[in-house]
Amino acid sequence: VVAVAPAEPHPSMVLSASLDKTVAVWDPRASSGAGAKPASTVALPERALCLDLRWPHALVGTGAAATGAQLIDLRYAPAEAKPLKLHQSVSRFPPRSVALFPGGEGFCAGSHDGRVAVHFHSSSAGGAAGAAAAAPKAKAPWGEDFSFKCHRQGADKDRIYGVGALSFFPAKPHLLATAGSDGECHLWDLKRRHKTAHLLKASTAGSGAPVALPAIAFSRGGDMLAYARSDDWSGGAAAYEATRGAGHANDVRILLLDPSGWEKREAG
């Protein structure tokens, strides 16, 4: 199991995505014990890597660039996964993270090479299944697909890290938080195309390497951010052993937020 997501309007529904190329729909009231079985399963063309759920849709990133993201409409039974074309800037690798727009306009996908692509279902650039991805534009109007670079370190921004998690700020759905293998979390204004806030700085293990942020989530009111720090295997076995040898323990923490500074940045 690589990801788990609850369906907020339906507390009796929980989804899990797995490397066995399925998404399972669970009813916690009926599924318990060692022999528990899901209420239903949805077949995927490739192994699942990431998952987001905003009723009535679930979005799954799969383990092959060709299969991209898979959209599932949970209102229908049996549910089926339908492919969504990824922006060409992030289509070289399987998506590392995905997030559905709160209003249903589209979705975002984070890549292994420090990029986030913003897709709109109504975009002529090819956000919907079967459409061709268009060339990136410097200042595409809101409603057209675009991408931006992030989680790049060094004087020349030549140290590139994967985008391990995405989360929309609930009070203002045009604000997107990204978390990376560089251990940092940033808040981006997608409409104005700039960084609004630096939410978390990197925490390093004894080796000096940053400890990744593989998961983030805002509270419903947006006054808190939950985040996890752990090795994400982006550096392979050597990095994992170095982090472990330095005594770093995987943990989950809560960050209290003060959006007042974001207001000033947005106004500027």
# chains A, B, ... in the order shown; residues from 1 in each chain; ligands from 1
>>> residues_around(residues="segment 220-232 of chain A", least_positions_apart="4", cutoff="6 Å", atoms="only C-alpha atoms", output="list in words")
Pro170, Val211, Ala212, Leu213, Ala215, Ile216, Asn250, Asp251, Val252, Arg253, Ile254, Leu255, Leu256 and Leu257 of chain A
>>> write_last_selection(atoms="C-alpha atoms", output="JSON list (two decimals), in the first residue's frame")
[["chain", "number", "residue", "atom", "x", "y", "z"],
["A", 170, "PRO", "CA", -8.37, 25.11, 1.93],
["A", 211, "VAL", "CA", 15.55, 14.59, 5.18],
["A", 212, "ALA", "CA", 12.68, 14.41, 2.69],
["A", 213, "LEU", "CA", 9.07, 15.49, 3.20],
["A", 215, "ALA", "CA", 3.62, 13.80, 2.97],
["A", 216, "ILE", "CA", 1.85, 17.06, 3.90],
["A", 250, "ASN", "CA", 10.78, 9.04, 11.04],
["A", 251, "ASP", "CA", 8.23, 11.43, 12.52],
["A", 252, "VAL", "CA", 5.02, 13.33, 11.92],
["A", 253, "ARG", "CA", 4.71, 16.92, 13.16],
["A", 254, "ILE", "CA", 2.27, 19.84, 13.18],
["A", 255, "LEU", "CA", 3.17, 23.35, 12.03],
["A", 256, "LEU", "CA", 1.00, 26.24, 13.22],
["A", 257, "LEU", "CA", 0.39, 28.71, 10.39]]
>>> closest_residue(among="A:Lys172, A:His151, A:His112, A:His119", to="Trp233 of chain A", atoms="only C-alpha atoms")
A:His112
>>> closest_residue(among="A:Arg192, A:Pro38, A:Ala109, A:Gly180", to="Pro141 of chain A", atoms="only C-alpha atoms")
A:Arg192
>>> atom_distance(atom1="atom CA of Ser147 of chain A", atom2="atom CA of Gly110 of chain A")
9.6 Å
>>> residues_around(residues="segment 21-27 of chain A", least_positions_apart="3", cutoff="8 Å", atoms="only C-alpha atoms", output="ChimeraX atom specification")
/A:12-18,30-31,37-48
